[in-house]
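So this block is final.pdb, PDB, C-alpha atoms:
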```pdb
ATOM      1  CA  MET A   1       5.659  -1.556  30.744
ATOM      2  CA  GLY A   2       6.543  -1.488  27.046
ATOM      3  CA  LYS A   3       2.905  -1.311  25.928
ATOM      4  CA  ILE A   4       2.184   1.549  28.343
ATOM      5  CA  LYS A   5       5.124   3.434  26.831
ATOM      6  CA  ILE A   6       3.777   2.768  23.340
ATOM      7  CA  PHE A   7       0.312   3.915  24.433
ATOM      8  CA  PHE A   8       1.533   7.281  25.708
ATOM      9  CA  SER A   9       3.698   7.826  22.617
ATOM     10  CA  ARG A  10       0.600   7.309  20.473
ATOM     11  CA  VAL A  11      -1.431   9.669  22.619
ATOM     12  CA  ALA A  12       1.295  12.285  22.234
ATOM     13  CA  THR A  13       1.483  11.935  18.438
ATOM     14  CA  GLY A  14      -2.204  11.293  17.820
ATOM     15  CA  SER A  15      -5.208  13.535  17.549
ATOM     16  CA  PHE A  16      -8.038  13.562  20.066
ATOM     17  CA  LYS A  17     -10.296  14.899  17.333
ATOM     18  CA  ARG A  18      -9.517  11.890  15.133
ATOM     19  CA  PHE A  19      -9.836   9.563  18.136
ATOM     20  CA  PHE A  20     -13.404  10.668  18.798
ATOM     21  CA  ARG A  21     -14.220  10.783  15.088
ATOM     22  CA  ASN A  22     -13.218   7.126  14.857
ATOM     23  CA  LEU A  23     -15.059   6.315  18.067
ATOM     24  CA  ASN A  24     -18.231   7.800  16.573
ATOM     25  CA  TYR A  25     -17.720   5.849  13.357
ATOM     26  CA  VAL A  26     -17.325   2.576  15.272
ATOM     27  CA  HIS A  27     -20.412   3.450  17.330
ATOM     28  CA  LYS A  28     -22.419   4.008  14.158
ATOM     29  CA  GLU A  29     -21.103   0.816  12.554
ATOM     30  CA  SER A  30     -21.468  -1.462  15.587
ATOM     31  CA  GLY A  31     -24.372   0.135  17.467
ATOM     32  CA  LYS A  32     -22.433  -0.259  20.718
ATOM     33  CA  ASN A  33     -22.473   2.272  23.553
ATOM     34  CA  ARG A  34     -19.958   5.118  23.130
ATOM     35  CA  VAL A  35     -18.769   4.948  26.755
ATOM     36  CA  TRP A  36     -18.135   1.190  26.454
ATOM     37  CA  LEU A  37     -16.319   1.736  23.168
ATOM     38  CA  PHE A  38     -14.170   4.509  24.672
ATOM     39  CA  PHE A  39     -12.863   2.297  27.471
ATOM     40  CA  ASN A  40     -12.576  -0.727  25.187
ATOM     41  CA  MET A  41     -10.462   1.273  22.739
ATOM     42  CA  ILE A  42      -8.172   2.441  25.568
ATOM     43  CA  TYR A  43      -7.939  -1.123  26.911
ATOM     44  CA  SER A  44      -7.131  -2.494  23.437
ATOM     45  CA  MET A  45      -4.415   0.104  22.901
ATOM     46  CA  LEU A  46      -2.796  -0.921  26.201
ATOM     47  CA  ARG A  47      -3.390  -4.685  25.959
ATOM     48  CA  TYR A  48      -2.677  -5.310  22.260
ATOM     49  CA  GLY A  49      -0.451  -2.378  21.320
ATOM     50  CA  ILE A  50      -2.743  -1.101  18.563
ATOM     51  CA  GLY A  51      -3.788   2.440  17.659
ATOM     52  CA  TYR A  52      -7.325   3.797  17.548
ATOM     53  CA  LEU A  53      -7.284   3.630  13.736
ATOM     54  CA  ASP A  54      -6.392  -0.067  13.973
ATOM     55  CA  TYR A  55      -9.275  -0.585  16.399
ATOM     56  CA  MET A  56     -11.648   0.711  13.742
ATOM     57  CA  THR A  57      -9.977  -1.046  10.795
ATOM     58  CA  PHE A  58      -9.621  -4.409  12.522
ATOM     59  CA  GLY A  59     -13.203  -4.284  13.792
ATOM     60  CA  PHE A  60     -12.213  -4.953  17.403
ATOM     61  CA  ALA A  61     -15.693  -3.890  18.514
ATOM     62  CA  PHE A  62     -16.905  -7.159  16.967
ATOM     63  CA  ILE A  63     -13.948  -9.403  17.839
ATOM     64  CA  LYS A  64     -13.392 -11.309  21.073
ATOM     65  CA  LYS A  65     -10.120 -11.551  22.989
ATOM     66  CA  ASP A  66      -8.676 -14.775  21.555
ATOM     67  CA  LYS A  67      -9.038 -13.631  17.946
ATOM     68  CA  ARG A  68      -7.583 -10.205  18.694
ATOM     69  CA  LEU A  69      -4.207 -11.879  19.216
ATOM     70  CA  THR A  70      -4.244 -13.088  15.590
ATOM     71  CA  PHE A  71      -3.771  -9.546  14.246
ATOM     72  CA  MET A  72      -0.476  -8.115  13.045
ATOM     73  CA  THR A  73       0.108  -4.738  14.735
ATOM     74  CA  TRP A  74       2.289  -1.749  13.869
ATOM     75  CA  ASP A  75       4.943  -2.960  16.310
ATOM     76  CA  ASP A  76       4.801  -6.493  14.873
ATOM     77  CA  ASN A  77       5.262  -5.008  11.415
ATOM     78  CA  ILE A  78       8.310  -3.002  12.469
ATOM     79  CA  LYS A  79       9.857  -6.054  14.141
ATOM     80  CA  MET A  80       9.179  -8.174  11.059
ATOM     81  CA  ALA A  81      10.839  -5.645   8.759
ATOM     82  CA  ARG A  82      13.887  -5.428  11.029
ATOM     83  CA  ARG A  83      14.080  -9.195  11.253
ATOM     84  CA  MET A  84      13.767  -9.836   7.514
ATOM     85  CA  ASN A  85      15.400  -6.791   5.892
ATOM     86  CA  GLN A  86      18.981  -5.634   6.327
ATOM     87  CA  LYS A  87      19.318  -1.887   6.813
ATOM     88  CA  GLU A  88      22.123  -1.390   4.293
ATOM     89  CA  ALA A  89      19.793  -2.673   1.553
ATOM     90  CA  TYR A  90      16.934  -0.246   2.318
ATOM     91  CA  PRO A  91      17.844   2.120  -0.577
ATOM     92  CA  LEU A  92      16.997  -0.669  -3.040
ATOM     93  CA  LEU A  93      13.339   0.039  -2.290
ATOM     94  CA  ASP A  94      13.295   3.384  -0.481
ATOM     95  CA  ASP A  95      15.004   5.290  -3.293
ATOM     96  CA  LYS A  96      12.949   5.104  -6.499
ATOM     97  CA  LEU A  97      15.978   5.767  -8.698
ATOM     98  CA  VAL A  98      17.968   2.956  -7.093
ATOM     99  CA  PHE A  99      14.873   0.755  -7.369
ATOM    100  CA  CYS A 100      14.527   1.396 -11.119
ATOM    101  CA  LYS A 101      18.194   0.629 -11.743
ATOM    102  CA  THR A 102      18.041  -2.546  -9.635
ATOM    103  CA  PHE A 103      14.769  -3.955 -10.986
ATOM    104  CA  THR A 104      14.918  -2.647 -14.577
ATOM    105  CA  GLU A 105      13.993  -6.051 -16.022
ATOM    106  CA  PHE A 106      10.582  -5.892 -14.321
ATOM    107  CA  LEU A 107       9.671  -2.259 -15.096
ATOM    108  CA  GLY A 108       8.414  -2.587 -18.669
ATOM    109  CA  ARG A 109       8.855   1.158 -19.272
ATOM    110  CA  ASP A 110      11.431   3.818 -20.052
ATOM    111  CA  TYR A 111      12.850   6.099 -17.351
ATOM    112  CA  VAL A 112      15.597   8.667 -16.902
ATOM    113  CA  ASP A 113      17.578  10.179 -14.040
ATOM    114  CA  LEU A 114      17.574  13.952 -14.616
ATOM    115  CA  GLN A 115      20.912  14.171 -12.816
ATOM    116  CA  GLU A 116      22.421  12.556 -15.912
ATOM    117  CA  GLY A 117      21.914  15.897 -17.699
ATOM    118  CA  PHE A 118      19.573  17.675 -20.105
ATOM    119  CA  THR A 119      20.573  15.611 -23.151
ATOM    120  CA  ALA A 120      19.480  12.395 -21.445
ATOM    121  CA  PHE A 121      16.163  14.052 -20.523
ATOM    122  CA  GLU A 122      15.689  15.327 -24.086
ATOM    123  CA  ASN A 123      16.254  11.849 -25.520
ATOM    124  CA  PHE A 124      13.830  10.367 -22.981
ATOM    125  CA  CYS A 125      11.066  12.779 -24.075
ATOM    126  CA  LYS A 126      11.256  11.843 -27.762
ATOM    127  CA  GLY A 127       8.032  10.231 -28.994
ATOM    128  CA  LYS A 128       6.159  10.726 -25.709
ATOM    129  CA  ASP A 129       2.990  12.733 -25.047
ATOM    130  CA  CYS A 130       3.519  12.853 -21.285
ATOM    131  CA  PHE A 131       5.451  11.312 -18.419
ATOM    132  CA  PHE A 132       5.435  11.152 -14.622
ATOM    133  CA  ALA A 133       8.074  12.972 -12.585
ATOM    134  CA  LYS A 134       8.840  11.774  -9.050
ATOM    135  CA  GLN A 135      10.927  12.745  -6.077
ATOM    136  CA  PRO A 136      13.032   9.600  -5.521
ATOM    137  CA  THR A 137      12.296   9.300  -1.790
ATOM    138  CA  SER A 138       8.634  10.382  -1.810
ATOM    139  CA  PHE A 139       5.827   8.049  -0.767
ATOM    140  CA  GLY A 140       2.042   7.796  -0.516
ATOM    141  CA  GLY A 141       1.445   9.413  -3.914
ATOM    142  CA  LEU A 142       3.173  12.622  -2.804
ATOM    143  CA  GLY A 143       6.011  14.113  -4.808
ATOM    144  CA  VAL A 144       4.507  12.830  -8.066
ATOM    145  CA  LYS A 145       3.566  15.012 -11.026
ATOM    146  CA  LYS A 146       2.110  14.244 -14.451
ATOM    147  CA  VAL A 147       3.882  16.312 -17.106
ATOM    148  CA  SER A 148       2.385  16.982 -20.545
ATOM    149  CA  LEU A 149       4.791  17.344 -23.469
ATOM    150  CA  GLU A 150       2.328  19.012 -25.824
ATOM    151  CA  ASN A 151       3.987  22.232 -27.103
ATOM    152  CA  ALA A 152       6.403  21.913 -24.207
ATOM    153  CA  ASP A 153       9.541  23.905 -23.497
ATOM    154  CA  LEU A 154      11.873  21.077 -22.485
ATOM    155  CA  ASN A 155      14.476  23.392 -20.979
ATOM    156  CA  ALA A 156      11.880  25.034 -18.742
ATOM    157  CA  ILE A 157      10.446  21.651 -17.683
ATOM    158  CA  TYR A 158      13.905  20.252 -16.962
ATOM    159  CA  ASN A 159      14.892  23.235 -14.816
ATOM    160  CA  GLU A 160      11.593  23.197 -12.928
ATOM    161  CA  LEU A 161      11.859  19.481 -12.153
ATOM    162  CA  MET A 162      15.480  19.786 -11.089
ATOM    163  CA  GLU A 163      14.564  22.629  -8.752
ATOM    164  CA  SER A 164      11.743  20.512  -7.282
ATOM    165  CA  LYS A 165      14.148  17.551  -6.919
ATOM    166  CA  MET A 166      11.910  15.431  -9.123
ATOM    167  CA  TYR A 167      14.908  13.642 -10.547
ATOM    168  CA  LEU A 168      13.088  10.489 -11.691
ATOM    169  CA  CYS A 169      11.023  10.697 -14.880
ATOM    170  CA  GLU A 170       9.075   7.622 -15.963
ATOM    171  CA  GLU A 171       7.137   6.772 -19.076
ATOM    172  CA  ALA A 172       3.376   6.648 -18.453
ATOM    173  CA  ILE A 173       2.174   3.096 -17.858
ATOM    174  CA  PRO A 174      -0.552   1.934 -20.280
ATOM    175  CA  GLN A 175      -3.279   0.236 -18.295
ATOM    176  CA  HIS A 176      -5.033  -2.988 -19.281
ATOM    177  CA  GLU A 177      -8.565  -2.329 -20.560
ATOM    178  CA  GLU A 178     -10.057  -4.473 -17.779
ATOM    179  CA  MET A 179      -8.256  -2.428 -15.111
ATOM    180  CA  GLN A 180      -9.506   0.736 -16.825
ATOM    181  CA  LYS A 181     -13.051  -0.284 -15.884
ATOM    182  CA  LEU A 182     -12.240   0.200 -12.198
ATOM    183  CA  CYS A 183     -11.088   3.804 -12.696
ATOM    184  CA  SER A 184      -9.845   5.180 -16.004
ATOM    185  CA  ARG A 185      -8.086   8.294 -14.702
ATOM    186  CA  SER A 186      -5.504   6.516 -12.534
ATOM    187  CA  VAL A 187      -3.419   3.370 -12.854
ATOM    188  CA  ASN A 188      -5.057   1.017 -10.355
ATOM    189  CA  THR A 189      -2.200  -0.819  -8.684
ATOM    190  CA  ILE A 190      -1.922  -4.024  -6.704
ATOM    191  CA  ARG A 191       0.106  -4.244  -3.500
ATOM    192  CA  ILE A 192       1.537  -7.758  -3.358
ATOM    193  CA  CYS A 193       3.264  -8.570  -0.080
ATOM    194  CA  THR A 194       5.888 -11.324  -0.137
ATOM    195  CA  ILE A 195       8.008 -13.077   2.466
ATOM    196  CA  VAL A 196      11.062 -15.145   1.603
ATOM    197  CA  SER A 197      11.303 -18.051   4.034
ATOM    198  CA  ASP A 198      14.411 -19.048   5.966
ATOM    199  CA  SER A 199      14.908 -21.773   3.367
ATOM    200  CA  GLY A 200      14.824 -19.224   0.527
ATOM    201  CA  LYS A 201      11.286 -19.849  -0.771
ATOM    202  CA  PRO A 202       9.067 -16.841  -1.674
ATOM    203  CA  HIS A 203       5.497 -16.705  -0.337
ATOM    204  CA  LEU A 204       2.454 -14.554  -1.062
ATOM    205  CA  ILE A 205       1.121 -13.055   2.175
ATOM    206  CA  TYR A 206      -1.639 -10.890   0.694
ATOM    207  CA  ALA A 207      -2.654  -8.982  -2.437
ATOM    208  CA  LEU A 208      -4.469  -5.675  -2.060
ATOM    209  CA  LEU A 209      -6.074  -3.813  -4.972
ATOM    210  CA  ARG A 210      -6.119  -0.007  -4.903
ATOM    211  CA  ILE A 211      -8.716   1.855  -6.936
ATOM    212  CA  GLY A 212      -8.551   5.538  -7.818
ATOM    213  CA  ALA A 213     -11.324   7.874  -6.711
ATOM    214  CA  GLY A 214     -11.532   9.316 -10.217
ATOM    215  CA  ASN A 215     -10.637  12.911  -9.343
ATOM    216  CA  THR A 216      -6.818  12.556  -9.273
ATOM    217  CA  ASP A 217      -4.133  10.816 -11.343
ATOM    218  CA  VAL A 218      -3.124   8.466  -8.509
ATOM    219  CA  ASP A 219      -4.857   5.628  -6.690
ATOM    220  CA  ASN A 220      -3.340   6.171  -3.235
ATOM    221  CA  VAL A 221      -5.577   5.942  -0.183
ATOM    222  CA  THR A 222      -4.153   9.249   1.062
ATOM    223  CA  SER A 223      -5.494  10.861  -2.128
ATOM    224  CA  GLY A 224      -9.027   9.529  -1.626
ATOM    225  CA  GLY A 225      -8.625   6.154  -3.311
ATOM    226  CA  MET A 226     -10.220   2.902  -2.184
ATOM    227  CA  TYR A 227      -8.806  -0.537  -1.464
ATOM    228  CA  THR A 228     -10.000  -4.113  -1.262
ATOM    229  CA  LEU A 229      -8.358  -7.461  -0.582
ATOM    230  CA  LEU A 230      -7.956  -9.886  -3.486
ATOM    231  CA  SER A 231      -8.394 -13.638  -3.253
ATOM    232  CA  ASN A 232      -5.449 -15.908  -4.060
ATOM    233  CA  GLU A 233      -6.881 -16.069  -7.578
ATOM    234  CA  GLY A 234      -6.913 -12.282  -7.946
ATOM    235  CA  GLU A 235     -10.673 -11.827  -7.536
ATOM    236  CA  ILE A 236     -12.559  -9.109  -5.651
ATOM    237  CA  THR A 237     -14.786 -10.852  -3.100
ATOM    238  CA  HIS A 238     -15.629  -8.006  -0.698
ATOM    239  CA  PRO A 239     -16.522  -4.282  -0.854
ATOM    240  CA  ALA A 240     -13.820  -1.621  -1.193
ATOM    241  CA  PHE A 241     -13.059   0.753   1.674
ATOM    242  CA  CYS A 242     -12.229   4.468   1.478
ATOM    243  CA  ASP A 243     -10.400   6.090   4.401
ATOM    244  CA  LYS A 244     -11.449   9.593   3.377
ATOM    245  CA  THR A 245     -15.155   8.829   3.670
ATOM    246  CA  ALA A 246     -14.847   5.940   6.164
ATOM    247  CA  SER A 247     -17.273   4.056   3.912
ATOM    248  CA  TYR A 248     -17.471   0.700   2.151
ATOM    249  CA  TYR A 249     -18.440   0.557  -1.519
ATOM    250  CA  THR A 250     -19.839  -2.334  -3.548
ATOM    251  CA  THR A 251     -19.737  -0.115  -6.649
ATOM    252  CA  HIS A 252     -17.448   2.744  -7.631
ATOM    253  CA  PRO A 253     -19.013   6.028  -6.397
ATOM    254  CA  ASN A 254     -18.070   7.847  -9.624
ATOM    255  CA  ASN A 255     -18.602   5.365 -12.439
ATOM    256  CA  GLY A 256     -20.897   2.762 -10.859
ATOM    257  CA  PHE A 257     -18.634  -0.199 -11.675
ATOM    258  CA  VAL A 258     -19.577  -3.313  -9.650
ATOM    259  CA  PHE A 259     -16.523  -4.557  -7.724
ATOM    260  CA  LYS A 260     -17.467  -8.064  -6.581
ATOM    261  CA  GLY A 261     -16.505 -10.766  -9.041
ATOM    262  CA  PHE A 262     -13.923  -8.654 -10.889
ATOM    263  CA  ARG A 263     -10.775 -10.629 -11.716
ATOM    264  CA  VAL A 264      -7.414  -8.951 -12.161
ATOM    265  CA  PRO A 265      -5.906  -9.961 -15.521
ATOM    266  CA  TYR A 266      -2.420 -11.522 -15.437
ATOM    267  CA  PHE A 267      -2.696 -11.975 -11.661
ATOM    268  CA  LYS A 268      -0.810 -15.281 -11.605
ATOM    269  CA  GLU A 269       1.943 -13.718 -13.704
ATOM    270  CA  ALA A 270       2.053 -10.725 -11.323
ATOM    271  CA  VAL A 271       2.640 -12.994  -8.325
ATOM    272  CA  GLU A 272       5.322 -14.960 -10.190
ATOM    273  CA  MET A 273       7.059 -11.700 -11.141
ATOM    274  CA  CYS A 274       7.056 -10.582  -7.492
ATOM    275  CA  PHE A 275       8.575 -13.912  -6.458
ATOM    276  CA  LYS A 276      11.417 -13.375  -8.946
ATOM    277  CA  ALA A 277      11.933  -9.804  -7.712
ATOM    278  CA  ALA A 278      11.862 -11.011  -4.084
ATOM    279  CA  LEU A 279      14.797 -13.331  -4.818
ATOM    280  CA  LYS A 280      16.856 -10.589  -6.478
ATOM    281  CA  ASP A 281      18.675  -9.663  -3.261
ATOM    282  CA  ASN A 282      18.626 -11.904  -0.176
ATOM    283  CA  ARG A 283      19.107  -8.903   2.110
ATOM    284  CA  ILE A 284      15.458  -7.957   1.478
ATOM    285  CA  ARG A 285      13.007 -10.711   2.434
ATOM    286  CA  TYR A 286       9.847  -8.820   3.455
ATOM    287  CA  THR A 287       8.540  -6.570   0.704
ATOM    288  CA  GLY A 288       5.423  -4.800  -0.503
ATOM    289  CA  TRP A 289       5.483  -4.701  -4.327
ATOM    290  CA  ASP A 290       3.282  -2.240  -6.213
ATOM    291  CA  ILE A 291       2.175  -3.729  -9.521
ATOM    292  CA  ALA A 292       0.431  -2.276 -12.565
ATOM    293  CA  ILE A 293      -1.301  -4.419 -15.178
ATOM    294  CA  THR A 294      -0.610  -3.404 -18.769
ATOM    295  CA  PRO A 295      -2.090  -4.885 -21.972
ATOM    296  CA  LYS A 296       1.051  -7.034 -22.202
ATOM    297  CA  GLY A 297       1.212  -8.154 -18.571
ATOM    298  CA  PRO A 298       2.295  -7.009 -15.088
ATOM    299  CA  VAL A 299       5.053  -4.464 -14.395
ATOM    300  CA  LEU A 300       6.685  -3.273 -11.180
ATOM    301  CA  VAL A 301       5.849   0.279 -10.129
ATOM    302  CA  GLU A 302       7.852   0.363  -6.900
ATOM    303  CA  GLY A 303       8.795  -1.617  -3.818
ATOM    304  CA  ASN A 304       8.254  -0.914  -0.112
ATOM    305  CA  ILE A 305      10.613  -1.890   2.672
ATOM    306  CA  LEU A 306       7.793  -1.624   5.227
ATOM    307  CA  PRO A 307       4.641  -3.152   3.711
ATOM    308  CA  GLY A 308       1.308  -2.173   5.200
ATOM    309  CA  TYR A 309      -0.173  -4.381   7.883
ATOM    310  CA  ASP A 310      -3.496  -2.615   8.507
ATOM    311  CA  MET A 311      -5.485  -2.375   5.254
ATOM    312  CA  CYS A 312      -5.113  -6.078   4.508
ATOM    313  CA  GLN A 313      -6.623  -6.831   7.944
ATOM    314  CA  ASN A 314      -9.744  -4.698   7.508
ATOM    315  CA  HIS A 315     -12.435  -6.742   9.222
ATOM    316  CA  ILE A 316     -14.777  -6.576   6.232
ATOM    317  CA  PHE A 317     -12.372  -8.834   4.301
ATOM    318  CA  HIS A 318     -12.096 -11.600   6.906
ATOM    319  CA  ASP A 319     -15.296 -13.536   7.471
ATOM    320  CA  ASP A 320     -13.691 -15.603  10.269
ATOM    321  CA  GLY A 321     -12.793 -12.479  12.270
ATOM    322  CA  CYS A 322      -9.083 -13.370  12.340
ATOM    323  CA  GLY A 323      -6.020 -11.387  11.388
ATOM    324  CA  ILE A 324      -3.078 -12.595   9.300
ATOM    325  CA  LYS A 325      -0.332 -12.856  11.910
ATOM    326  CA  ALA A 326      -0.064 -16.635  11.576
ATOM    327  CA  ALA A 327       0.510 -16.374   7.815
ATOM    328  CA  PHE A 328       3.798 -14.593   8.433
ATOM    329  CA  GLU A 329       5.249 -17.212  10.769
ATOM    330  CA  GLU A 330       4.088 -20.052   8.517
ATOM    331  CA  ALA A 331       5.786 -18.450   5.533
ATOM    332  CA  ILE A 332       9.053 -17.754   7.376
ATOM    333  CA  ASN A 333       9.322 -21.297   8.694
ATOM    334  CA  ASP A 334       8.437 -23.068   5.431
TER     335      ASP A 334
END
```
Could you take the file, read its structure, and then write that structure out as structure tokens?
Amino acid sequence: MGKIKIFFSRVATGSFKRFFRNLNYVHKESGKNRVWLFFNMIYSMLRYGIGYLDYMTFGFAFIKKDKRLTFMTWDDNIKMARRMNQKEAYPLLDDKLVFCKTFTEFLGRDYVDLQEGFTAFENFCKGKDCFFAKQPTSFGGLGVKKVSLENADLNAIYNELMESKMYLCEEAIPQHEEMQKLCSRSVNTIRICTIVSDSGKPHLIYALLRIGAGNTDVDNVTSGGMYTLLSNEGEITHPAFCDKTASYYTTHPNNGFVFKGFRVPYFKEAVEMCFKAALKDNRIRYTGWDIAITPKGPVLVEGNILPGYDMCQNHIFHDDGCGIKAAFEEAIND
């Protein structure tokens, strides 16, 4: 009964246009009959509690029943977050200002809270060419603005940002020259998902690399960026996927950079840093950390109380056709 309720809630909030767009994409990718796919998608939504986007991402058209149960779903993800993270601690990650003040030792950059006043903002701007302003509770690359300080009127900028509620201003992160090769316009971040076991030991669940499209200052998927799963050694082993184009890329569409074989510098150090951050507060045990790689090493960009479950399970990344559900339980019980 619960899954039927979930199904109808997704129908109510979804888009039939997007449903059939995804059905056509899966048809093109798999070569399977559209009518069969239509009923199989409906069945999968009812049987496994997934959405039609998950059906496409997980590659359920290619995967048989037993392996379908190995996938983490949206509902599993919600339950995991509720199980591992205490609600009163959510602001530690949900509010970017609180995050910066809590995890300052891992930031590796200057920042200021505009609510501290104009003088604090003026001091922050000294010696900088630009900075990034953010709305503290924004997400997905929204509510972020790059601000140039060349011939700038600081009073005007301060008032504009305060009016837009962009209270957090952060120093621009210098990107490692190797990461620049992926996309030079944006900082290409890594999403490292960690679980802290019941015994208090941190575990790496997955590491996902996001790559900017080259036409914006952010690497977010919602802004046209791509993503690919990294190996446990920080290496790209599979093509990158772009939601906007519903296409896989072995090379960057703008600069031609070859993805496979690329190794993220300081990857081991990035994982170790996330483990230290994960142990900072035992009320938060399931976290998605966004990491940037600078010439001097990894730095924290932000944390996420509800890490993604879907992109890391894109079927192109898993040659065995299995999801990562078991990895969560193994980590918790270690």
Can you build me a table of stretch 277-325 of chain A residues sitting at most 7 Å from stretch 58-79 of chain A, with the closest atom pair per residue and its distance in Å to one decimal, using all atoms listed in the file, sorted by chain and residue number, as a tab-separated table?
```
residue	atom	partner	partner_atom	distance
A:Tyr309	CA	A:Met72	CA	6.4
A:Gln313	CA	A:Phe58	CA	6.0
A:Asn314	CA	A:Phe58	CA	5.0
A:His315	CA	A:Phe58	CA	4.9
A:Gly321	CA	A:Ile63	CA	6.5
A:Cys322	CA	A:Lys67	CA	5.6
A:Gly323	CA	A:Phe71	CA	4.1
A:Ile324	CA	A:Phe71	CA	5.9
A:Lys325	CA	A:Met72	CA	4.9
```
Given the file shown, enumerate the residues that the PyMOL selection byres ((chain A and resi 271-278) around 9) captures and present them as an MDAnalysis selection string. chainID A and resid 103 106 192:196 201:204 207 266:270 279:282 284:287 289 291 298:300
Selection under test: the PyMOL selection byres ((chain A and resi 135) around 10); residues as a ChimeraX atom specification: /A:95-97,133-134,136-139,142-145,161-162,164-169
Nearest residue to A:Pro239 out of A:Val221, A:Val258, A:Ala172, A:Ile190, using only C-alpha atoms? A:Val258
A:Asn254, A:Thr294, A:Ser30, A:Ser199: which is nearest A:Leu107, counting all atoms listed in the file? A:Thr294
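Distances to A:Thr228 were evaluated for A:Cys312, A:Ala292, A:Ala156, A:Val26 using only C-alpha atoms, and the minimum falls at A:Cys312.
Residues lying within 9 Å of (-6.0, -15.0, -2.3). Counted over all atoms listed in the file, they are Leu204, Ile205, Tyr206, Ala207, Leu229, Leu230, Ser231, Asn232, Glu233, Gly234 and Glu235 of chain A.
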